[in-house]
>>> print(open('coords00.csv').read())   # CSV, C-alpha atoms
chain,number,residue,atom,x,y,z
A,136,MET,CA,0.0,0.0,0.0
A,137,PRO,CA,1.5,3.4,-0.9
A,138,THR,CA,2.0,6.1,1.8
A,139,SER,CA,1.7,9.8,1.9
A,140,THR,CA,5.0,11.8,1.5
A,141,LYS,CA,5.1,13.7,4.8
A,142,MET,CA,3.2,11.7,7.4
A,143,ALA,CA,3.6,8.2,5.8
A,144,ILE,CA,-0.1,7.6,6.0
A,145,PRO,CA,-1.1,4.5,4.0
A,146,TYR,CA,-3.8,4.9,1.3
A,147,PRO,CA,-5.3,2.5,-1.2
A,148,ALA,CA,-3.4,2.0,-4.5
A,149,SER,CA,-5.4,2.5,-7.7
A,150,THR,CA,-4.9,-1.3,-8.3
A,151,ASP,CA,-6.3,-2.4,-5.0
A,152,LEU,CA,-9.6,-4.4,-5.0
A,153,VAL,CA,-12.7,-2.4,-4.5
A,154,LYS,CA,-14.0,-4.9,-2.0
A,155,ASP,CA,-11.1,-3.9,0.3
A,156,GLY,CA,-11.9,-0.2,0.1
A,157,ALA,CA,-13.7,0.1,3.4
A,158,THR,CA,-11.0,-1.7,5.3
A,159,ASN,CA,-8.3,0.4,3.7
A,160,MET,CA,-10.1,3.7,4.4
A,161,GLY,CA,-10.6,2.7,8.0
A,162,SER,CA,-6.8,2.0,8.2
A,163,MET,CA,-6.1,5.4,6.7
A,164,ALA,CA,-8.5,7.2,9.2
A,165,THR,CA,-6.8,5.4,12.1
A,166,GLN,CA,-3.4,6.6,10.9
A,167,ILE,CA,-4.6,10.2,10.5
A,168,ASP,CA,-6.0,10.1,14.1
A,169,ALA,CA,-2.6,8.8,15.3
A,170,LYS,CA,-0.3,11.1,13.4
A,171,THR,CA,-2.1,14.5,13.4
A,172,GLY,CA,-0.3,16.8,15.8
A,173,LEU,CA,-2.9,19.4,16.7
A,174,VAL,CA,-6.6,18.7,16.3
A,175,LEU,CA,-9.2,21.4,16.1
A,176,ILE,CA,-11.9,20.7,18.8
A,177,SER,CA,-13.9,23.9,18.8
A,178,ALA,CA,-14.0,27.2,17.0
A,179,THR,CA,-16.4,29.9,18.2
A,180,THR,CA,-17.0,33.5,17.1
A,181,PHE,CA,-18.9,35.8,19.4
A,182,SER,CA,-19.6,39.5,20.1
A,183,GLY,CA,-21.3,41.8,22.5
A,184,VAL,CA,-21.0,39.6,25.6
A,185,SER,CA,-19.6,40.1,29.1
A,186,SER,CA,-18.4,36.5,29.2
A,187,GLN,CA,-18.1,33.6,26.8
A,188,SER,CA,-18.2,30.0,28.0
A,189,ILE,CA,-16.8,27.1,26.0
A,190,ASN,CA,-18.1,23.8,27.2
A,191,ASP,CA,-17.1,20.2,26.6
A,192,VAL,CA,-13.7,20.8,25.0
A,193,PHE,CA,-11.4,19.1,27.5
A,194,SER,CA,-11.7,15.3,27.7
A,195,THR,CA,-9.7,12.1,28.0
A,196,ASN,CA,-8.9,12.3,24.2
A,197,TYR,CA,-6.0,14.7,24.9
A,198,ASP,CA,-3.9,15.7,27.8
A,199,ASN,CA,-2.8,19.2,26.7
A,200,TYR,CA,-4.6,21.9,24.8
A,201,ARG,CA,-3.9,25.1,22.9
A,202,ILE,CA,-6.4,28.0,23.0
A,203,LEU,CA,-6.1,30.8,20.5
A,204,PHE,CA,-8.1,34.0,21.2
A,205,LYS,CA,-8.3,36.9,18.7
A,206,SER,CA,-10.1,40.0,19.8
A,207,ILE,CA,-12.4,41.7,17.3
A,208,THR,CA,-14.7,44.0,19.2
A,209,ALA,CA,-14.8,45.7,22.6
A,210,SER,CA,-17.0,48.2,24.3
A,211,GLY,CA,-16.9,50.2,27.6
A,212,ALA,CA,-13.6,51.2,29.3
A,213,GLY,CA,-11.5,48.6,27.4
A,214,PRO,CA,-12.2,45.3,28.9
A,215,VAL,CA,-9.4,43.2,30.5
A,216,ILE,CA,-10.0,39.6,29.5
A,217,SER,CA,-9.5,36.8,32.1
A,218,LEU,CA,-10.2,33.1,32.2
A,219,ARG,CA,-11.8,30.6,34.6
A,220,LEU,CA,-11.8,26.8,34.1
A,221,ARG,CA,-15.2,25.2,34.1
A,222,LEU,CA,-16.8,21.9,35.0
A,223,SER,CA,-20.3,20.8,33.9
A,224,GLY,CA,-21.4,24.3,33.1
A,225,THR,CA,-20.0,25.9,36.3
A,226,ASP,CA,-17.0,28.1,36.6
A,227,THR,CA,-14.3,27.5,39.2
A,228,SER,CA,-13.3,30.8,40.8
A,229,ALA,CA,-10.6,29.8,43.3
A,230,ASN,CA,-7.1,28.4,43.7
A,231,TYR,CA,-5.5,30.1,40.6
A,232,GLY,CA,-1.9,31.2,40.7
A,233,THR,CA,-0.3,33.5,38.1
A,234,GLN,CA,3.2,34.9,37.5
A,235,ARG,CA,3.1,37.6,34.9
A,236,MET,CA,5.7,39.6,33.0
A,237,PHE,CA,4.5,42.7,31.3
A,238,ALA,CA,6.4,44.8,28.7
A,239,GLN,CA,5.2,48.1,27.4
A,240,GLY,CA,7.5,50.3,25.4
A,241,ALA,CA,10.9,50.1,27.2
A,242,SER,CA,9.4,49.2,30.5
A,243,VAL,CA,9.2,45.7,31.9
A,244,SER,CA,7.5,44.7,35.2
A,245,ALA,CA,6.6,41.4,36.8
A,246,ASN,CA,4.2,40.4,39.4
A,247,ARG,CA,2.5,37.4,41.1
A,248,ASP,CA,-1.3,37.1,41.3
A,249,ALA,CA,-1.7,40.7,40.2
A,250,PHE,CA,-5.4,40.3,39.7
A,251,GLY,CA,-6.2,37.9,42.5
A,252,THR,CA,-6.5,34.2,42.6
A,253,ASP,CA,-10.1,33.9,41.4
A,254,GLU,CA,-9.2,33.9,37.6
A,255,ILE,CA,-6.3,33.9,35.1
A,256,TYR,CA,-5.3,37.1,33.4
A,257,VAL,CA,-5.4,36.6,29.6
A,258,VAL,CA,-5.1,39.9,27.7
A,259,ASP,CA,-6.4,43.5,27.4
A,260,SER,CA,-8.9,44.1,24.7
A,261,THR,CA,-8.8,47.9,24.3
A,262,THR,CA,-11.8,49.8,23.0
A,263,ALA,CA,-9.7,51.9,20.7
A,264,ASN,CA,-7.8,49.0,19.1
A,265,PRO,CA,-9.8,45.8,19.9
A,266,GLN,CA,-8.5,44.0,16.8
A,267,ASN,CA,-4.9,44.5,17.9
A,268,ALA,CA,-5.2,42.1,20.7
A,269,CYS,CA,-4.7,38.3,20.8
A,270,ALA,CA,-3.6,35.5,23.2
A,271,ASP,CA,-2.0,32.1,22.8
A,272,MET,CA,-2.6,29.8,25.7
A,273,ILE,CA,-1.5,26.2,26.4
A,274,PHE,CA,-3.2,24.3,29.2
A,275,TYR,CA,-1.6,21.1,30.6
A,276,SER,CA,-3.8,18.4,32.0
A,277,PRO,CA,-7.1,20.3,32.5
A,278,ASN,CA,-9.1,17.1,32.3
A,279,LYS,CA,-6.8,14.9,34.3
A,280,ALA,CA,-7.1,14.4,38.1
A,281,GLU,CA,-4.0,16.5,38.7
A,282,VAL,CA,-3.1,20.2,39.0
A,283,THR,CA,-3.8,22.1,35.8
A,284,THR,CA,-0.9,24.3,34.6
A,285,TYR,CA,-0.8,26.8,31.8
A,286,THR,CA,1.4,29.2,29.8
A,287,ASN,CA,0.1,32.3,28.0
A,288,ILE,CA,1.4,35.0,25.8
A,289,GLY,CA,-0.7,38.0,24.7
A,290,GLU,CA,-0.3,41.3,23.0
A,291,ALA,CA,-2.3,44.5,22.6
A,292,LEU,CA,-2.1,48.0,21.4
A,293,LEU,CA,-2.7,50.5,24.3
A,294,GLY,CA,-2.9,53.9,22.7
A,295,ALA,CA,0.2,54.1,20.5
A,296,THR,CA,2.1,51.7,22.6
A,297,LEU,CA,2.4,48.0,21.8
A,298,TYR,CA,2.6,45.8,24.8
A,299,MET,CA,3.1,42.1,25.4
A,300,GLN,CA,2.7,39.9,28.4
A,301,THR,CA,3.7,36.4,29.1
A,302,SER,CA,2.3,34.6,32.1
A,303,CYS,CA,2.2,31.1,33.6
A,304,GLY,CA,0.6,29.4,36.5
A,305,PHE,CA,-1.8,26.8,37.7
A,306,GLN,CA,-5.2,25.9,39.1
A,307,ASN,CA,-4.3,24.1,42.2
A,308,SER,CA,-6.8,21.3,42.4
A,309,THR,CA,-7.4,17.9,40.9
A,310,THR,CA,-10.7,18.8,39.3
A,311,GLN,CA,-11.2,17.4,35.9
A,312,PHE,CA,-12.3,20.4,34.0
A,313,THR,CA,-14.3,20.2,30.8
A,314,GLY,CA,-14.3,23.8,29.6
A,315,PHE,CA,-13.5,27.4,30.4
A,316,THR,CA,-15.0,30.9,30.4
A,317,LEU,CA,-13.5,34.1,29.1
A,318,LEU,CA,-14.6,37.1,31.1
A,319,ALA,CA,-14.5,40.9,30.6
A,320,ASP,CA,-13.8,42.8,33.8
A,321,SER,CA,-16.2,45.5,32.4
A,322,GLY,CA,-18.0,46.3,29.2
A,323,THR,CA,-18.4,43.7,26.5
A,324,PHE,CA,-16.1,42.0,24.1
A,325,GLY,CA,-16.1,39.8,21.0
A,326,GLY,CA,-13.7,37.7,19.0
A,327,THR,CA,-12.8,34.2,18.0
A,328,VAL,CA,-11.7,31.4,20.2
A,329,ALA,CA,-10.3,28.2,18.9
A,330,VAL,CA,-9.4,25.1,21.0
A,331,TYR,CA,-7.0,22.5,19.8
A,332,GLY,CA,-5.9,19.2,21.4
A,333,PHE,CA,-2.3,18.0,21.2
A,334,ASN,CA,-2.3,14.5,20.0
A,335,LYS,CA,-0.8,12.0,22.4
B,25,MET,CA,-29.5,49.4,43.9
B,26,ALA,CA,-30.1,47.0,41.0
B,27,SER,CA,-28.2,47.8,37.8
B,28,THR,CA,-30.3,49.0,34.8
B,29,SER,CA,-27.8,47.9,32.2
B,30,LYS,CA,-28.3,44.7,30.4
B,31,VAL,CA,-25.9,41.8,30.7
B,32,PHE,CA,-25.4,39.2,28.0
B,33,ILE,CA,-23.2,36.2,28.3
B,34,GLY,CA,-22.3,33.6,25.6
B,35,ILE,CA,-22.4,29.9,26.2
B,36,ASP,CA,-21.0,28.1,23.2
B,37,ASP,CA,-23.0,29.3,20.3
B,38,LYS,CA,-25.9,30.8,22.4
B,39,VAL,CA,-26.2,34.3,23.9
B,40,ILE,CA,-28.4,34.7,26.9
B,41,GLU,CA,-29.4,37.8,29.0
B,42,LEU,CA,-28.8,37.6,32.7
B,43,THR,CA,-31.6,38.9,34.9
B,44,GLY,CA,-32.5,39.3,38.5
B,45,ALA,CA,-30.1,37.7,41.1
B,46,ASP,CA,-28.0,36.0,38.4
B,47,LYS,CA,-27.3,39.4,36.8
B,48,GLU,CA,-26.5,41.1,40.2
B,49,ALA,CA,-24.2,38.3,41.2
B,50,PHE,CA,-22.4,38.5,37.9
B,51,LEU,CA,-21.9,42.2,38.1
B,52,ALA,CA,-20.7,42.0,41.7
B,53,ASP,CA,-18.2,39.4,40.7
B,54,ARG,CA,-16.9,41.5,37.8
B,55,LYS,CA,-16.7,44.6,40.1
B,56,ALA,CA,-14.6,42.7,42.5
B,57,SER,CA,-12.3,41.8,39.6
B,58,THR,CA,-12.2,45.4,38.4
B,59,ASP,CA,-11.5,46.7,41.9
B,60,ALA,CA,-8.6,44.2,42.4
B,61,LYS,CA,-7.1,45.3,39.0
B,62,ALA,CA,-7.4,49.0,39.9
B,63,LEU,CA,-5.8,48.4,43.3
B,64,PHE,CA,-2.9,46.6,41.6
B,65,GLU,CA,-2.5,49.3,39.0
B,66,THR,CA,-2.4,52.0,41.7
B,67,GLU,CA,0.2,50.0,43.7
B,68,LEU,CA,2.3,49.4,40.5
B,69,LYS,CA,2.3,53.1,39.7
B,70,THR,CA,3.4,54.0,43.2
B,71,LYS,CA,6.3,51.6,42.9
B,72,GLN,CA,7.3,53.0,39.5
B,73,ASP,CA,7.1,56.6,40.8
B,74,SER,CA,9.2,55.7,43.7
B,75,ARG,CA,11.8,54.0,41.5
B,76,ASP,CA,11.8,56.9,39.1
B,77,SER,CA,12.3,59.3,42.0
B,78,ALA,CA,15.2,57.2,43.4
B,79,LEU,CA,16.8,57.1,40.0
B,80,LYS,CA,16.6,60.8,39.6
B,81,LYS,CA,18.3,61.4,42.9
B,82,LEU,CA,21.0,58.9,41.9
B,83,ALA,CA,21.5,60.7,38.6
B,84,ASP,CA,21.8,64.1,40.4
B,85,ILE,CA,24.4,62.7,42.8
B,86,ALA,CA,26.4,61.2,39.9
B,87,GLY,CA,26.1,64.3,37.8
B,88,LEU,CA,24.2,62.5,35.0
B,89,THR,CA,21.0,63.1,33.2
B,90,LYS,CA,18.3,60.5,33.8
B,91,ALA,CA,18.7,59.3,30.2
B,92,GLU,CA,22.4,58.8,30.7
B,93,LEU,CA,21.7,56.8,33.9
B,94,ASP,CA,19.1,54.8,32.2
B,95,ALA,CA,21.6,54.0,29.4
B,96,ILE,CA,24.1,52.7,32.0
B,97,LEU,CA,21.4,50.7,33.9
>>> encode(input="coords00.csv", output="structure tokens")
Amino acid sequence: MPTSTKMAIPYPASTDLVKDGATNMGSMATQIDAKTGLVLISATTFSGVSSQSINDVFSTNYDNYRILFKSITASGAGPVISLRLRLSGTDTSANYGTQRMFAQGASVSANRDAFGTDEIYVVDSTTANPQNACADMIFYSPNKAEVTTYTNIGEALLGATLYMQTSCGFQNSTTQFTGFTLLADSGTFGGTVAVYGFNK
Amino acid sequence: MASTSKVFIGIDDKVIELTGADKEAFLADRKASTDAKALFETELKTKQDSRDSALKKLADIAGLTKAELDAIL
């Protein structure tokens, strides 16, 4: 059976018997499942909300996940976006720990739990430049019965100044989370959020 | 006093309006978050102002402009 060039996934040759087609296709699907690195689980576009919950994206299918948030709209005083993990439709608002480094222009500062331990800071979505904000988060083991950890990098345009922040931390419980909620501290926001699972 | 502004939240592909106690609880939670961030920003500015003041004094003692001291640091 021939194989694809990059991932060596076997596929039926043009000379294979038609009666073997279903078996061969099944074999090919299994190989794609096994060899694909990142798998899109969920993609959501939203706008004009104070929070956006994404349910049922963490499962036993994957251990680690990548979440990409791209801001599109914002209203009010320029909402700061944070995140809470979620289980069966209910947010968890305790036991988070965050270390953040924040660079704006030539200034760099760092802090621990700057915004409390009830949520994770993600990114600022400014009203003036909402489409200039994004965040790239990786969550480790949110659905396993062990402490969930994460890393995050975000950027935004505050006035004329570009800023970036990188942060990391944990949710210090063994809760097996199934989703998460993005929250604005004030006003409303909108954007796209995509969740990917790392194959294992 | 109850808030008169409407609050909408998204859950997957649905948008719902919070009303009554749910709305007030949500707004109270968000206000606590906003207050914590404001307090942090105030404390951060105080620290930065204090640092800038100390650097200016150091520059004066060394006979340097602040820009020259910043370049060294």
>>> interface_residues(input="coords00.csv", of="chain A", to="chain B", cutoff="7 Å", atoms="all atoms listed in the file", output="PyMOL selection string")
chain A and resi 179+184-190+249-251+320-321
>>> residues_around(input="coords00.csv", residues="region 285-302 of chain A", least_positions_apart="4", cutoff="9 Å", atoms="only C-alpha atoms", output="PyMOL selection string")
chain A and resi 233-240+256-261+263-276+306
>>> write_last_selection(input="coords00.csv", atoms="C-alpha atoms", output="mmCIF file, in the frame of the given file")
data_model
loop_
_atom_site.group_PDB
_atom_site.id
_atom_site.type_symbol
_atom_site.label_atom_id
_atom_site.label_comp_id
_atom_site.auth_asym_id
_atom_site.auth_seq_id
_atom_site.Cartn_x
_atom_site.Cartn_y
_atom_site.Cartn_z
ATOM 1 C CA THR A 233 -0.300 33.500 38.100
ATOM 2 C CA GLN A 234 3.200 34.900 37.500
ATOM 3 C CA ARG A 235 3.100 37.600 34.900
ATOM 4 C CA MET A 236 5.700 39.600 33.000
ATOM 5 C CA PHE A 237 4.500 42.700 31.300
ATOM 6 C CA ALA A 238 6.400 44.800 28.700
ATOM 7 C CA GLN A 239 5.200 48.100 27.400
ATOM 8 C CA GLY A 240 7.500 50.300 25.400
ATOM 9 C CA TYR A 256 -5.300 37.100 33.400
ATOM 10 C CA VAL A 257 -5.400 36.600 29.600
ATOM 11 C CA VAL A 258 -5.100 39.900 27.700
ATOM 12 C CA ASP A 259 -6.400 43.500 27.400
ATOM 13 C CA SER A 260 -8.900 44.100 24.700
ATOM 14 C CA THR A 261 -8.800 47.900 24.300
ATOM 15 C CA ALA A 263 -9.700 51.900 20.700
ATOM 16 C CA ASN A 264 -7.800 49.000 19.100
ATOM 17 C CA PRO A 265 -9.800 45.800 19.900
ATOM 18 C CA GLN A 266 -8.500 44.000 16.800
ATOM 19 C CA ASN A 267 -4.900 44.500 17.900
ATOM 20 C CA ALA A 268 -5.200 42.100 20.700
ATOM 21 C CA CYS A 269 -4.700 38.300 20.800
ATOM 22 C CA ALA A 270 -3.600 35.500 23.200
ATOM 23 C CA ASP A 271 -2.000 32.100 22.800
ATOM 24 C CA MET A 272 -2.600 29.800 25.700
ATOM 25 C CA ILE A 273 -1.500 26.200 26.400
ATOM 26 C CA PHE A 274 -3.200 24.300 29.200
ATOM 27 C CA TYR A 275 -1.600 21.100 30.600
ATOM 28 C CA SER A 276 -3.800 18.400 32.000
ATOM 29 C CA GLN A 306 -5.200 25.900 39.100
#
>>> closest_residue(input="coords00.csv", among="B:Lys80, B:Gly87, B:Lys71, B:Glu92", to="Ala245 (chain A)", atoms="all atoms listed in the file")
B:Lys71
>>> closest_residue(input="coords00.csv", among="A:Pro137, A:Leu152, A:Gly322, A:Ser242", to="Asp94 (chain B)", atoms="all atoms listed in the file")
A:Ser242
>>> atom_distance(input="coords00.csv", atom1="CA of Ile144 (chain A)", atom2="CA of Tyr200 (chain A)")
24.0 Å
>>> atom_distance(input="coords00.csv", atom1="CA of Glu254 (chain A)", atom2="CA of Phe305 (chain A)")
10.3 Å
>>> residues_near_point(input="coords00.csv", point="(-8.7, 30.6, 42.3)", cutoff="9 Å", atoms="only C-alpha atoms", output="short mmCIF file (atom, residue, chain, number, x, y, z; two decimals) with C-alpha atoms, in the coordinates of the input")
data_model
loop_
_atom_site.label_atom_id
_atom_site.label_comp_id
_atom_site.auth_asym_id
_atom_site.auth_seq_id
_atom_site.Cartn_x
_atom_site.Cartn_y
_atom_site.Cartn_z
CA ARG A 219 -11.80 30.60 34.60
CA THR A 227 -14.30 27.50 39.20
CA SER A 228 -13.30 30.80 40.80
CA ALA A 229 -10.60 29.80 43.30
CA ASN A 230 -7.10 28.40 43.70
CA TYR A 231 -5.50 30.10 40.60
CA GLY A 232 -1.90 31.20 40.70
CA GLY A 251 -6.20 37.90 42.50
CA THR A 252 -6.50 34.20 42.60
CA ASP A 253 -10.10 33.90 41.40
CA GLU A 254 -9.20 33.90 37.60
CA ILE A 255 -6.30 33.90 35.10
CA GLN A 306 -5.20 25.90 39.10
CA ASN A 307 -4.30 24.10 42.20
#
>>> closest_residue(input="coords00.csv", among="A:Ser149, A:Val243, A:Met142, A:Gly183", to="Ile207 (chain A)", atoms="only C-alpha atoms")
A:Gly183
>>> closest_residue(input="coords00.csv", among="A:Tyr197, A:Phe312, A:Phe181, A:Tyr146", to="Thr158 (chain A)", atoms="only C-alpha atoms")
A:Tyr146
>>> atom_distance(input="coords00.csv", atom1="CA of Ala212 (chain A)", atom2="CA of Thr262 (chain A)")
6.7 Å
>>> build_atoms(input="coords00.csv", residues="region 49-67 of chain B", atoms="N, CA and C atoms", output="PDB file, in the frame of the given file")
ATOM      1  N   ALA B  49     -25.363  39.055  40.747  1.00  0.00           N
ATOM      2  CA  ALA B  49     -24.200  38.300  41.200  1.00  0.00           C
ATOM      3  C   ALA B  49     -23.065  38.384  40.198  1.00  0.00           C
ATOM      4  N   PHE B  50     -23.395  38.354  38.926  1.00  0.00           N
ATOM      5  CA  PHE B  50     -22.400  38.500  37.900  1.00  0.00           C
ATOM      6  C   PHE B  50     -21.698  39.842  37.964  1.00  0.00           C
ATOM      7  N   LEU B  51     -22.495  40.895  38.084  1.00  0.00           N
ATOM      8  CA  LEU B  51     -21.900  42.200  38.100  1.00  0.00           C
ATOM      9  C   LEU B  51     -21.075  42.442  39.390  1.00  0.00           C
ATOM     10  N   ALA B  52     -21.514  41.861  40.510  1.00  0.00           N
ATOM     11  CA  ALA B  52     -20.700  42.000  41.700  1.00  0.00           C
ATOM     12  C   ALA B  52     -19.384  41.275  41.590  1.00  0.00           C
ATOM     13  N   ASP B  53     -19.414  40.107  40.943  1.00  0.00           N
ATOM     14  CA  ASP B  53     -18.200  39.400  40.700  1.00  0.00           C
ATOM     15  C   ASP B  53     -17.232  40.167  39.803  1.00  0.00           C
ATOM     16  N   ARG B  54     -17.767  40.758  38.762  1.00  0.00           N
ATOM     17  CA  ARG B  54     -16.900  41.500  37.800  1.00  0.00           C
ATOM     18  C   ARG B  54     -16.398  42.803  38.514  1.00  0.00           C
ATOM     19  N   LYS B  55     -17.214  43.417  39.392  1.00  0.00           N
ATOM     20  CA  LYS B  55     -16.700  44.600  40.100  1.00  0.00           C
ATOM     21  C   LYS B  55     -15.590  44.255  41.026  1.00  0.00           C
ATOM     22  N   ALA B  56     -15.681  43.102  41.664  1.00  0.00           N
ATOM     23  CA  ALA B  56     -14.600  42.700  42.500  1.00  0.00           C
ATOM     24  C   ALA B  56     -13.306  42.509  41.722  1.00  0.00           C
ATOM     25  N   SER B  57     -13.456  41.975  40.501  1.00  0.00           N
ATOM     26  CA  SER B  57     -12.300  41.800  39.600  1.00  0.00           C
ATOM     27  C   SER B  57     -11.736  43.155  39.214  1.00  0.00           C
ATOM     28  N   THR B  58     -12.630  44.074  38.825  1.00  0.00           N
ATOM     29  CA  THR B  58     -12.200  45.400  38.400  1.00  0.00           C
ATOM     30  C   THR B  58     -11.490  46.131  39.554  1.00  0.00           C
ATOM     31  N   ASP B  59     -12.051  46.024  40.762  1.00  0.00           N
ATOM     32  CA  ASP B  59     -11.500  46.700  41.900  1.00  0.00           C
ATOM     33  C   ASP B  59     -10.060  46.124  42.213  1.00  0.00           C
ATOM     34  N   ALA B  60      -9.918  44.800  42.096  1.00  0.00           N
ATOM     35  CA  ALA B  60      -8.600  44.200  42.400  1.00  0.00           C
ATOM     36  C   ALA B  60      -7.587  44.676  41.340  1.00  0.00           C
ATOM     37  N   LYS B  61      -8.004  44.808  40.079  1.00  0.00           N
ATOM     38  CA  LYS B  61      -7.100  45.300  39.000  1.00  0.00           C
ATOM     39  C   LYS B  61      -6.730  46.745  39.261  1.00  0.00           C
ATOM     40  N   ALA B  62      -7.718  47.552  39.647  1.00  0.00           N
ATOM     41  CA  ALA B  62      -7.400  49.000  39.900  1.00  0.00           C
ATOM     42  C   ALA B  62      -6.479  49.144  41.057  1.00  0.00           C
ATOM     43  N   LEU B  63      -6.667  48.343  42.105  1.00  0.00           N
ATOM     44  CA  LEU B  63      -5.800  48.400  43.300  1.00  0.00           C
ATOM     45  C   LEU B  63      -4.350  48.035  42.842  1.00  0.00           C
ATOM     46  N   PHE B  64      -4.255  46.995  42.028  1.00  0.00           N
ATOM     47  CA  PHE B  64      -2.900  46.600  41.600  1.00  0.00           C
ATOM     48  C   PHE B  64      -2.271  47.677  40.736  1.00  0.00           C
ATOM     49  N   GLU B  65      -3.029  48.289  39.822  1.00  0.00           N
ATOM     50  CA  GLU B  65      -2.500  49.300  39.000  1.00  0.00           C
ATOM     51  C   GLU B  65      -1.987  50.516  39.816  1.00  0.00           C
ATOM     52  N   THR B  66      -2.747  50.855  40.852  1.00  0.00           N
ATOM     53  CA  THR B  66      -2.400  52.000  41.700  1.00  0.00           C
ATOM     54  C   THR B  66      -1.058  51.633  42.461  1.00  0.00           C
ATOM     55  N   GLU B  67      -0.981  50.412  42.997  1.00  0.00           N
ATOM     56  CA  GLU B  67       0.200  50.000  43.700  1.00  0.00           C
ATOM     57  C   GLU B  67       1.440  49.957  42.766  1.00  0.00           C
TER      58      GLU B  67
END
